[in-house]
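Source file structure_10.pdb; content: PDB, C-alpha atoms.
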ATOM      1  CA  MET A   1     147.080  43.789 173.759
ATOM      2  CA  ARG A   2     144.104  43.658 171.449
ATOM      3  CA  LYS A   3     144.416  41.390 168.392
ATOM      4  CA  VAL A   4     144.787  43.390 165.190
ATOM      5  CA  LYS A   5     142.373  42.487 162.452
ATOM      6  CA  THR A   6     143.794  42.544 158.940
ATOM      7  CA  ILE A   7     140.961  44.363 157.200
ATOM      8  CA  ILE A   8     142.735  45.112 153.941
ATOM      9  CA  LYS A   9     144.018  42.759 151.265
ATOM     10  CA  SER A  10     147.770  42.255 151.295
ATOM     11  CA  ALA A  11     149.823  44.178 148.774
ATOM     12  CA  LYS A  12     150.785  42.301 145.611
ATOM     13  CA  SER A  13     154.370  41.160 145.433
ATOM     14  CA  ASN A  14     156.418  40.592 142.307
ATOM     15  CA  THR A  15     158.676  38.121 144.111
ATOM     16  CA  LYS A  16     158.037  34.396 143.714
ATOM     17  CA  SER A  17     157.904  33.850 147.447
ATOM     18  CA  ASN A  18     154.681  33.357 149.378
ATOM     19  CA  LEU A  19     156.262  34.830 152.476
ATOM     20  CA  LYS A  20     154.882  38.184 153.594
ATOM     21  CA  ILE A  21     157.155  41.101 154.503
ATOM     22  CA  GLY A  22     156.361  43.573 157.256
ATOM     23  CA  LEU A  23     158.230  46.881 157.582
ATOM     24  CA  ALA A  24     158.354  48.780 160.877
ATOM     25  CA  LEU A  25     158.963  52.513 160.591
ATOM     26  CA  GLY A  26     159.579  54.153 163.940
ATOM     27  CA  GLY A  27     160.297  57.567 165.409
ATOM     28  CA  GLY A  28     163.274  59.710 164.563
ATOM     29  CA  THR A  29     161.999  63.220 163.710
ATOM     30  CA  VAL A  30     163.792  64.529 160.606
ATOM     31  CA  ARG A  31     165.893  61.356 160.436
ATOM     32  CA  GLY A  32     162.698  59.510 159.562
ATOM     33  CA  LEU A  33     163.130  60.791 156.007
ATOM     34  CA  ALA A  34     165.667  57.969 155.643
ATOM     35  CA  PHE A  35     162.638  55.698 155.258
ATOM     36  CA  ILE A  36     162.111  57.213 151.808
ATOM     37  CA  GLY A  37     165.541  56.013 150.696
ATOM     38  CA  ILE A  38     164.876  52.560 152.131
ATOM     39  CA  LEU A  39     161.542  52.226 150.319
ATOM     40  CA  LYS A  40     163.224  53.417 147.123
ATOM     41  CA  VAL A  41     165.792  50.611 147.225
ATOM     42  CA  LEU A  42     163.223  47.939 148.135
ATOM     43  CA  GLU A  43     161.098  48.989 145.166
ATOM     44  CA  GLU A  44     164.073  48.969 142.812
ATOM     45  CA  GLN A  45     164.917  45.423 143.938
ATOM     46  CA  GLY A  46     161.369  44.156 143.471
ATOM     47  CA  ILE A  47     160.848  43.646 147.197
ATOM     48  CA  LYS A  48     157.250  44.527 147.955
ATOM     49  CA  ILE A  49     156.035  45.385 151.429
ATOM     50  CA  ASP A  50     152.939  43.442 152.504
ATOM     51  CA  TYR A  51     152.378  45.091 155.882
ATOM     52  CA  LEU A  52     153.376  48.435 157.395
ATOM     53  CA  ALA A  53     153.474  49.649 160.993
ATOM     54  CA  GLY A  54     154.401  53.221 161.847
ATOM     55  CA  THR A  55     154.895  55.453 164.817
ATOM     56  CA  SER A  56     155.734  59.173 164.962
ATOM     57  CA  ALA A  57     157.844  60.139 161.907
ATOM     58  CA  GLY A  58     157.481  56.576 160.666
ATOM     59  CA  ALA A  59     153.700  56.917 160.821
ATOM     60  CA  VAL A  60     153.890  59.838 158.377
ATOM     61  CA  ILE A  61     156.039  58.006 155.811
ATOM     62  CA  ALA A  62     154.185  54.697 156.181
ATOM     63  CA  ALA A  63     150.785  56.347 155.747
ATOM     64  CA  ALA A  64     151.962  58.423 152.792
ATOM     65  CA  TYR A  65     153.331  55.334 151.042
ATOM     66  CA  ALA A  66     150.317  53.158 151.842
ATOM     67  CA  SER A  67     148.058  55.920 150.497
ATOM     68  CA  GLY A  68     149.449  55.365 147.016
ATOM     69  CA  ASN A  69     152.214  57.950 146.850
ATOM     70  CA  SER A  70     155.262  56.763 144.922
ATOM     71  CA  VAL A  71     158.755  56.997 146.343
ATOM     72  CA  HIS A  72     159.347  59.796 143.829
ATOM     73  CA  ASP A  73     156.322  61.638 145.253
ATOM     74  CA  LEU A  74     157.653  61.276 148.788
ATOM     75  CA  GLU A  75     161.106  62.531 147.825
ATOM     76  CA  ARG A  76     159.613  65.496 145.989
ATOM     77  CA  LEU A  77     157.421  66.390 148.965
ATOM     78  CA  ALA A  78     160.375  66.130 151.362
ATOM     79  CA  HIS A  79     162.315  68.689 149.319
ATOM     80  CA  SER A  80     159.499  71.028 148.254
ATOM     81  CA  THR A  81     157.412  71.320 151.420
ATOM     82  CA  LYS A  82     157.923  74.573 153.307
ATOM     83  CA  TRP A  83     157.974  72.973 156.707
ATOM     84  CA  HIS A  84     158.056  76.219 158.667
ATOM     85  CA  ASN A  85     154.671  77.155 157.196
ATOM     86  CA  LEU A  86     153.097  74.123 158.877
ATOM     87  CA  LEU A  87     153.884  75.312 162.398
ATOM     88  CA  ASP A  88     150.911  77.100 163.958
ATOM     89  CA  PHE A  89     152.116  78.268 167.361
ATOM     90  CA  THR A  90     149.524  78.568 170.085
ATOM     91  CA  LYS A  91     149.264  79.559 173.748
ATOM     92  CA  PRO A  92     151.591  77.074 175.484
ATOM     93  CA  LYS A  93     149.037  75.388 177.734
ATOM     94  CA  LYS A  94     149.483  71.841 176.437
ATOM     95  CA  GLY A  95     152.024  72.407 173.696
ATOM     96  CA  PHE A  96     153.613  75.138 171.599
ATOM     97  CA  ILE A  97     152.136  73.974 168.284
ATOM     98  CA  GLU A  98     148.404  73.617 167.657
ATOM     99  CA  GLY A  99     148.874  71.136 164.815
ATOM    100  CA  LYS A 100     145.899  72.100 162.637
ATOM    101  CA  LYS A 101     148.057  73.194 159.705
ATOM    102  CA  ILE A 102     150.067  69.998 159.649
ATOM    103  CA  GLU A 103     146.879  67.956 160.003
ATOM    104  CA  LYS A 104     145.438  69.663 156.915
ATOM    105  CA  TYR A 105     148.682  69.081 155.027
ATOM    106  CA  LEU A 106     148.820  65.405 156.002
ATOM    107  CA  ASN A 107     145.218  64.895 154.913
ATOM    108  CA  GLN A 108     146.190  66.141 151.454
ATOM    109  CA  VAL A 109     149.226  63.844 151.314
ATOM    110  CA  PHE A 110     147.121  60.870 152.454
ATOM    111  CA  LYS A 111     144.380  61.833 149.945
ATOM    112  CA  GLY A 112     141.792  61.853 152.713
ATOM    113  CA  LYS A 113     141.847  58.060 152.838
ATOM    114  CA  THR A 114     140.688  55.754 155.575
ATOM    115  CA  PHE A 115     142.671  52.673 156.586
ATOM    116  CA  GLU A 116     140.186  50.562 154.646
ATOM    117  CA  GLN A 117     141.132  52.395 151.426
ATOM    118  CA  LEU A 118     144.900  52.005 151.668
ATOM    119  CA  ASP A 119     147.007  50.042 149.183
ATOM    120  CA  ILE A 120     148.961  48.296 151.945
ATOM    121  CA  PRO A 121     147.660  47.167 155.365
ATOM    122  CA  LEU A 122     148.831  49.676 157.959
ATOM    123  CA  THR A 123     148.743  50.042 161.732
ATOM    124  CA  ILE A 124     149.602  53.357 163.395
ATOM    125  CA  LEU A 125     150.635  53.547 167.045
ATOM    126  CA  ALA A 126     150.220  56.375 169.543
ATOM    127  CA  THR A 127     150.358  56.755 173.322
ATOM    128  CA  GLU A 128     147.219  57.452 175.322
ATOM    129  CA  VAL A 129     147.896  60.429 177.583
ATOM    130  CA  ASP A 130     145.906  59.572 180.721
ATOM    131  CA  TYR A 131     146.971  55.951 181.175
ATOM    132  CA  GLY A 132     150.215  55.785 179.192
ATOM    133  CA  THR A 133     148.947  52.785 177.238
ATOM    134  CA  LYS A 134     149.602  51.797 173.637
ATOM    135  CA  ALA A 135     146.893  52.788 171.175
ATOM    136  CA  MET A 136     146.666  51.023 167.811
ATOM    137  CA  PHE A 137     144.824  52.530 164.867
ATOM    138  CA  TYR A 138     143.882  50.387 161.891
ATOM    139  CA  SER A 139     140.467  51.662 160.841
ATOM    140  CA  GLY A 140     138.887  55.041 160.220
ATOM    141  CA  SER A 141     140.751  58.240 159.410
ATOM    142  CA  VAL A 142     144.427  57.792 158.599
ATOM    143  CA  THR A 143     145.087  61.499 159.099
ATOM    144  CA  LYS A 144     143.733  61.532 162.645
ATOM    145  CA  ALA A 145     145.749  58.460 163.598
ATOM    146  CA  VAL A 146     148.986  59.955 162.268
ATOM    147  CA  ARG A 147     148.306  63.338 163.868
ATOM    148  CA  ALA A 148     147.938  61.502 167.195
ATOM    149  CA  SER A 149     151.152  59.546 166.637
ATOM    150  CA  ILE A 150     153.319  62.632 165.982
ATOM    151  CA  SER A 151     152.185  64.595 169.045
ATOM    152  CA  LEU A 152     155.561  65.034 170.714
ATOM    153  CA  PRO A 153     154.893  66.215 174.297
ATOM    154  CA  ALA A 154     155.299  69.950 174.933
ATOM    155  CA  ILE A 155     155.953  70.573 171.227
ATOM    156  CA  PHE A 156     152.543  69.570 169.827
ATOM    157  CA  LYS A 157     149.287  69.737 171.706
ATOM    158  CA  PRO A 158     148.019  66.238 172.478
ATOM    159  CA  TYR A 159     145.505  65.139 169.856
ATOM    160  CA  ARG A 160     141.970  64.316 170.902
ATOM    161  CA  ILE A 161     139.999  61.529 169.258
ATOM    162  CA  GLY A 162     136.625  60.976 170.896
ATOM    163  CA  ASN A 163     137.066  61.367 174.643
ATOM    164  CA  LYS A 164     140.765  60.453 174.711
ATOM    165  CA  GLU A 165     143.950  62.430 174.156
ATOM    166  CA  TYR A 166     147.002  60.969 172.457
ATOM    167  CA  MET A 167     150.690  61.808 172.253
ATOM    168  CA  ASP A 168     153.712  60.573 170.329
ATOM    169  CA  GLY A 169     153.780  56.828 169.677
ATOM    170  CA  SER A 170     157.559  56.662 170.154
ATOM    171  CA  LEU A 171     157.101  57.117 173.884
ATOM    172  CA  ILE A 172     155.689  53.613 174.183
ATOM    173  CA  ASP A 173     156.811  51.819 171.014
ATOM    174  CA  PRO A 174     159.598  53.505 169.019
ATOM    175  CA  VAL A 175     159.975  50.560 166.592
ATOM    176  CA  PRO A 176     156.591  48.814 166.124
ATOM    177  CA  VAL A 177     157.705  45.312 165.179
ATOM    178  CA  ASP A 178     155.447  43.181 167.386
ATOM    179  CA  ILE A 179     152.318  44.416 165.685
ATOM    180  CA  LEU A 180     153.603  43.186 162.316
ATOM    181  CA  LYS A 181     153.570  39.602 163.553
ATOM    182  CA  GLU A 182     149.949  40.012 164.585
ATOM    183  CA  MET A 183     149.135  41.451 161.154
ATOM    184  CA  GLY A 184     150.519  38.326 159.464
ATOM    185  CA  ALA A 185     154.107  39.147 158.479
ATOM    186  CA  ASP A 186     156.533  36.247 158.050
ATOM    187  CA  ILE A 187     159.631  38.410 157.608
ATOM    188  CA  ILE A 188     160.037  41.555 159.682
ATOM    189  CA  ILE A 189     162.291  44.429 158.668
ATOM    190  CA  ALA A 190     163.096  47.122 161.230
ATOM    191  CA  VAL A 191     165.066  50.349 160.880
ATOM    192  CA  ASN A 192     167.586  51.593 163.429
ATOM    193  CA  LEU A 193     167.582  55.407 163.568
ATOM    194  CA  THR A 194     169.610  55.727 166.765
ATOM    195  CA  VAL A 195     172.556  58.097 166.647
ATOM    196  CA  ASN A 196     175.643  59.136 168.534
ATOM    197  CA  ILE A 197     174.094  61.546 171.037
ATOM    198  CA  ALA A 198     177.227  63.701 171.260
ATOM    199  CA  GLU A 199     177.317  64.188 167.481
ATOM    200  CA  SER A 200     173.621  64.971 167.169
ATOM    201  CA  TYR A 201     173.373  67.356 170.134
ATOM    202  CA  VAL A 202     170.764  69.926 169.175
ATOM    203  CA  GLY A 203     172.801  72.759 170.674
ATOM    204  CA  ASN A 204     175.512  72.173 168.065
ATOM    205  CA  TYR A 205     173.318  72.792 165.043
ATOM    206  CA  LYS A 206     174.398  75.270 162.409
ATOM    207  CA  SER A 207     171.819  77.922 161.719
ATOM    208  CA  SER A 208     169.684  77.179 158.665
ATOM    209  CA  ASN A 209     166.839  78.789 156.779
ATOM    210  CA  PHE A 210     164.333  76.501 158.527
ATOM    211  CA  VAL A 211     165.664  77.254 162.009
ATOM    212  CA  GLU A 212     165.694  81.016 161.385
ATOM    213  CA  LYS A 213     162.102  80.999 160.120
ATOM    214  CA  LEU A 214     161.058  78.747 162.980
ATOM    215  CA  LYS A 215     162.637  81.142 165.468
ATOM    216  CA  GLN A 216     161.015  84.148 163.783
ATOM    217  CA  ARG A 217     157.547  82.606 163.851
ATOM    218  CA  PHE A 218     157.950  81.605 167.494
ATOM    219  CA  ILE A 219     159.044  85.122 168.502
ATOM    220  CA  ASP A 220     156.230  86.779 166.551
ATOM    221  CA  HIS A 221     153.685  84.566 168.255
ATOM    222  CA  GLN A 222     155.095  85.186 171.733
ATOM    223  CA  ILE A 223     155.068  88.939 171.163
ATOM    224  CA  LYS A 224     151.440  88.827 170.026
ATOM    225  CA  PHE A 225     150.594  86.737 173.086
ATOM    226  CA  ILE A 226     152.235  89.309 175.397
ATOM    227  CA  HIS A 227     150.482  92.255 173.733
ATOM    228  CA  ASP A 228     147.082  90.525 173.844
ATOM    229  CA  TYR A 229     147.583  89.527 177.470
ATOM    230  CA  VAL A 230     148.462  93.062 178.542
ATOM    231  CA  GLU A 231     145.547  94.565 176.624
ATOM    232  CA  LYS A 232     143.084  92.200 178.282
ATOM    233  CA  THR A 233     144.420  92.193 181.846
ATOM    234  CA  THR A 234     145.340  95.777 182.672
ATOM    235  CA  ASP A 235     143.759  99.182 182.410
ATOM    236  CA  SER A 236     147.035 100.938 183.124
ATOM    237  CA  TYR A 237     147.846 103.393 180.339
ATOM    238  CA  LEU A 238     151.480 103.466 181.494
ATOM    239  CA  VAL A 239     151.930  99.689 181.298
ATOM    240  CA  LYS A 240     150.277  99.519 177.902
ATOM    241  CA  SER A 241     152.402 102.372 176.615
ATOM    242  CA  LEU A 242     155.604 100.733 177.834
ATOM    243  CA  ILE A 243     154.740  97.449 176.171
ATOM    244  CA  ARG A 244     153.749  99.141 172.920
ATOM    245  CA  GLY A 245     156.910 101.207 172.862
ATOM    246  CA  PHE A 246     159.341  98.511 173.936
ATOM    247  CA  ASN A 247     161.077  96.627 171.151
ATOM    248  CA  LEU A 248     160.119  93.116 172.224
ATOM    249  CA  LYS A 249     161.375  91.511 169.038
ATOM    250  CA  ASN A 250     164.848  92.919 169.550
ATOM    251  CA  ALA A 251     164.779  91.778 173.173
ATOM    252  CA  PHE A 252     163.841  88.235 172.138
ATOM    253  CA  LEU A 253     166.490  88.114 169.435
ATOM    254  CA  THR A 254     169.143  89.454 171.793
ATOM    255  CA  GLY A 255     168.236  86.852 174.398
ATOM    256  CA  ILE A 256     168.080  83.938 171.956
ATOM    257  CA  GLY A 257     170.878  85.009 169.638
ATOM    258  CA  LYS A 258     171.793  82.311 167.164
ATOM    259  CA  LYS A 259     170.911  79.460 169.479
ATOM    260  CA  LEU A 260     167.736  77.810 170.598
ATOM    261  CA  PRO A 261     166.628  78.828 174.103
ATOM    262  CA  ARG A 262     168.595  76.765 176.632
ATOM    263  CA  ILE A 263     165.419  75.303 178.130
ATOM    264  CA  MET A 264     164.445  73.989 174.694
ATOM    265  CA  GLU A 265     167.921  72.565 174.105
ATOM    266  CA  ILE A 266     167.730  70.656 177.394
ATOM    267  CA  TYR A 267     164.226  69.351 176.698
ATOM    268  CA  LEU A 268     165.082  68.190 173.183
ATOM    269  CA  GLN A 269     168.326  66.608 174.345
ATOM    270  CA  ALA A 270     166.590  64.763 177.190
ATOM    271  CA  THR A 271     163.953  63.435 174.816
ATOM    272  CA  GLU A 272     166.640  62.416 172.314
ATOM    273  CA  VAL A 273     168.505  60.422 174.982
ATOM    274  CA  LEU A 274     165.295  58.723 176.153
ATOM    275  CA  MET A 275     164.176  57.783 172.635
ATOM    276  CA  ASN A 276     167.656  56.622 171.665
ATOM    277  CA  GLU A 277     167.957  54.210 174.600
ATOM    278  CA  LEU A 278     164.366  52.985 174.339
ATOM    279  CA  THR A 279     164.872  52.286 170.636
ATOM    280  CA  LYS A 280     168.078  50.331 171.283
ATOM    281  CA  GLU A 281     166.221  48.151 173.773
ATOM    282  CA  LYS A 282     163.345  47.608 171.347
ATOM    283  CA  LEU A 283     165.734  46.594 168.564
ATOM    284  CA  ARG A 284     166.821  43.567 170.643
ATOM    285  CA  ASN A 285     163.436  42.008 169.894
ATOM    286  CA  PRO A 286     164.017  38.504 168.443
ATOM    287  CA  VAL A 287     161.143  38.834 165.952
ATOM    288  CA  ILE A 288     163.291  41.181 163.838
ATOM    289  CA  ASP A 289     164.737  39.342 160.835
ATOM    290  CA  ILE A 290     166.434  42.257 159.070
ATOM    291  CA  LEU A 291     167.791  45.416 160.674
ATOM    292  CA  ILE A 292     168.587  48.361 158.418
ATOM    293  CA  THR A 293     170.895  50.917 160.044
ATOM    294  CA  PRO A 294     171.452  54.215 158.212
ATOM    295  CA  LYS A 295     174.639  56.055 159.142
ATOM    296  CA  PHE A 296     174.054  59.732 159.858
ATOM    297  CA  GLU A 297     176.678  62.404 160.267
ATOM    298  CA  GLY A 298     175.380  64.093 163.381
ATOM    299  CA  VAL A 299     171.873  64.842 162.095
ATOM    300  CA  ASN A 300     169.747  66.321 164.854
ATOM    301  CA  TRP A 301     166.056  67.133 165.197
ATOM    302  CA  VAL A 302     165.966  70.465 163.374
ATOM    303  CA  GLU A 303     168.358  69.963 160.464
ATOM    304  CA  LEU A 304     165.929  69.938 157.560
ATOM    305  CA  ASP A 305     168.684  71.295 155.337
ATOM    306  CA  LYS A 306     170.184  67.770 155.338
ATOM    307  CA  ILE A 307     167.255  66.049 153.613
ATOM    308  CA  SER A 308     169.331  64.733 150.693
ATOM    309  CA  HIS A 309     171.950  63.307 153.049
ATOM    310  CA  ILE A 310     169.280  61.625 155.191
ATOM    311  CA  ILE A 311     167.498  59.991 152.252
ATOM    312  CA  SER A 312     170.823  58.852 150.785
ATOM    313  CA  ALA A 313     171.787  57.322 154.133
ATOM    314  CA  GLY A 314     168.592  55.271 154.005
ATOM    315  CA  GLU A 315     169.334  54.120 150.454
ATOM    316  CA  HIS A 316     172.895  53.110 151.250
ATOM    317  CA  ALA A 317     171.881  51.161 154.367
ATOM    318  CA  ALA A 318     169.068  49.337 152.549
ATOM    319  CA  ARG A 319     171.353  48.225 149.705
ATOM    320  CA  LYS A 320     173.542  46.435 152.255
ATOM    321  CA  GLU A 321     170.589  44.307 153.401
ATOM    322  CA  VAL A 322     168.973  43.468 150.035
ATOM    323  CA  GLY A 323     170.876  40.202 149.684
ATOM    324  CA  LYS A 324     169.760  39.000 153.125
ATOM    325  CA  ILE A 325     166.128  39.865 152.392
ATOM    326  CA  LYS A 326     166.141  37.965 149.086
ATOM    327  CA  LYS A 327     167.770  34.997 150.767
ATOM    328  CA  LEU A 328     164.981  34.886 153.369
ATOM    329  CA  LEU A 329     162.355  35.069 150.622
ATOM    330  CA  LYS A 330     163.789  31.933 149.004
ATOM    331  CA  LYS A 331     163.218  29.793 152.093
TER     332      LYS A 331
END
What's the structure tokens form of this structure?
Amino acid sequence: MRKVKTIIKSAKSNTKSNLKIGLALGGGTVRGLAFIGILKVLEEQGIKIDYLAGTSAGAVIAAAYASGNSVHDLERLAHSTKWHNLLDFTKPKKGFIEGKKIEKYLNQVFKGKTFEQLDIPLTILATEVDYGTKAMFYSGSVTKAVRASISLPAIFKPYRIGNKEYMDGSLIDPVPVDILKEMGADIIIAVNLTVNIAESYVGNYKSSNFVEKLKQRFIDHQIKFIHDYVEKTTDSYLVKSLIRGFNLKNAFLTGIGKKLPRIMEIYLQATEVLMNELTKEKLRNPVIDILITPKFEGVNWVELDKISHIISAGEHAARKEVGKIKKLLKK
């Protein structure tokens, strides 16, 4: 592994300790919003973060915070952002979502900053597609690094930087704690976002406004794709007439009903199991000094209607560990 250069000054701390704190924010999809609650409590208690490392959902929150956004800003964005509007479906060659809309949105949240301009030293991790190796970003465009780190296979298209393609950082390092030691952290805080798989099974979700709009956008795109394909590949007037006259939207809705397509349920569940077990293994790392474990009530990947509950879970879990953190700072 390449040695990480600390190219930014460490964040100022209002504690009397000279020890530096590193916070690892890993993957967890919508559950990653718990990081907002954790940062909120740490701020309230005067515990400043000197180094940040993020992957996947954690990369988004870490970069947003390091860019100068307050915890209040992050909480406001979590509640006000119309997430379904950020999903630009594309022809499913490498992934269902192009990712250009979310990249533009993230660039606004990160204020177009480079790593060198951040308030807190940050390293973002992603997985290189061709060789399956860990990629570490700590200079240049923050937006590009985060876009690479959130590229969940089959959902997002892999993100190209230069001549390499990248996918979700959680595949290789779901809780990036080791990198914090290399950055100079004395105390390492990690967050455990693992869940009870049975409780969080994506097939058990209750329909929400986000899911319905997500489903609608997906169907509309697939219908357009079918129409365009038929128009370009056949000269048959009969075939074109049948496609034009057939109610494809109704057919899609009848087939899907109120559930996600079964193939998507299986894929998401398989990925959830893999990430859950990989994260548990990573959390055994002896370099971790403090482990914050939010308790979720069956929150799965698509339940963006539970944002308040997720953030509150992060707050509650962080408050339990404040005493331990302050004790370590006194050493």
request  = Around the point (160.3, 52.8, 164.2), in the coordinates given by the file, pick out the residues reaching within 10 Å, counting only C-alpha atoms, and return them as an NGL selection string.
outcome  = :A and (23-28 or 32 or 35 or 53-59 or 169-170 or 173-177 or 190-193 or 279 or 282-283)
request  = Enumerate, as an MDAnalysis selection string, the residues matched when the PyMOL selection byres ((chain A and resi 148) around 9) is run on the file above.
outcome  = chainID A and resid 56 125:127 143:147 149:151 158:161 165:169
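Near range 284-299 of chain A, within 6 Å and counting all atoms listed in the file, sit Ile188, Ile189, Ala190, Val191, Asn192, Glu199, Ser200, Ala313, Gly314, Ala317 and Ala318 of chain A, not including residues fewer than 4 positions from it in the same chain.
The nearest approach to Leu304 in chain A among the residues A:Trp83, A:Tyr65, A:Tyr51, A:Tyr131, with all atoms listed in the file taken into account, belongs to A:Trp83.
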message = Give me the residues near range 86-100 of chain A as JSON, numbers by chain, where near means some atom within 6 Å (using all atoms listed in the file) and where sequence neighbours in that chain fewer than 2 positions away do not count.
response = {"A": [83, 84, 102, 103, 154, 155, 156, 157]}
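Each of A:Thr123, A:Ser312, A:Thr194, A:Gln269 was compared to Leu180 in chain A using only C-alpha atoms, and A:Thr123 turns out to be the nearest.
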Distance criterion (only C-alpha atoms): nearest to Pro121 in chain A out of A:Ile36, A:Leu77, A:Met183, A:Met275 = A:Met183
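Our summary of the geometry notes that CA of Phe110 in chain A is positioned 5.4 Å from CA of Ser67 in chain A.
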request  = Tell me which residues the PyMOL selection byres ((chain A and resi 115) around 12) grabs here, as a count of residues only.
outcome  = 35
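CA of Leu33 in chain A lies 5.8 Å from CA of Ile311 in chain A.
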Box for range 124-134 of chain A: with edges along x, y and z, all listed atoms inside and 5 Å added on each side, what are the centre and edge lengths in Å to one decimal, as AutoDock Vina command-line options?
--center_x 148.3 --center_y 56.1 --center_z 172.3 --size_x 14.7 --size_y 18.6 --size_z 27.8
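Relative to CA of Asn69 in chain A, CA of Lys101 in chain A is found at 20.4 Å.
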Selected residue of minimal separation from Glu75 in chain A among A:Val195, A:Ile266, A:Ile38, A:Ile21, counting all atoms listed in the file = A:Ile38
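You can rank A:Leu268, A:Asp178, A:Leu106, A:Gln45 by their closest distance to Glu315 in chain A using only C-alpha atoms, and at the top of that list sits A:Gln45.
Under the PyMOL selection byres ((chain A and resi 328) around 12), the matching residues in the shown file are Thr15, Lys16, Ser17, Asn18, Leu19, Lys20, Ile21, Ile47, Asp186, Ile187, Ile188, Ile189, Asp289, Ile290, Glu321, Val322, Gly323, Lys324, Ile325, Lys326, Lys327, Leu329, Lys330 and Lys331 of chain A.
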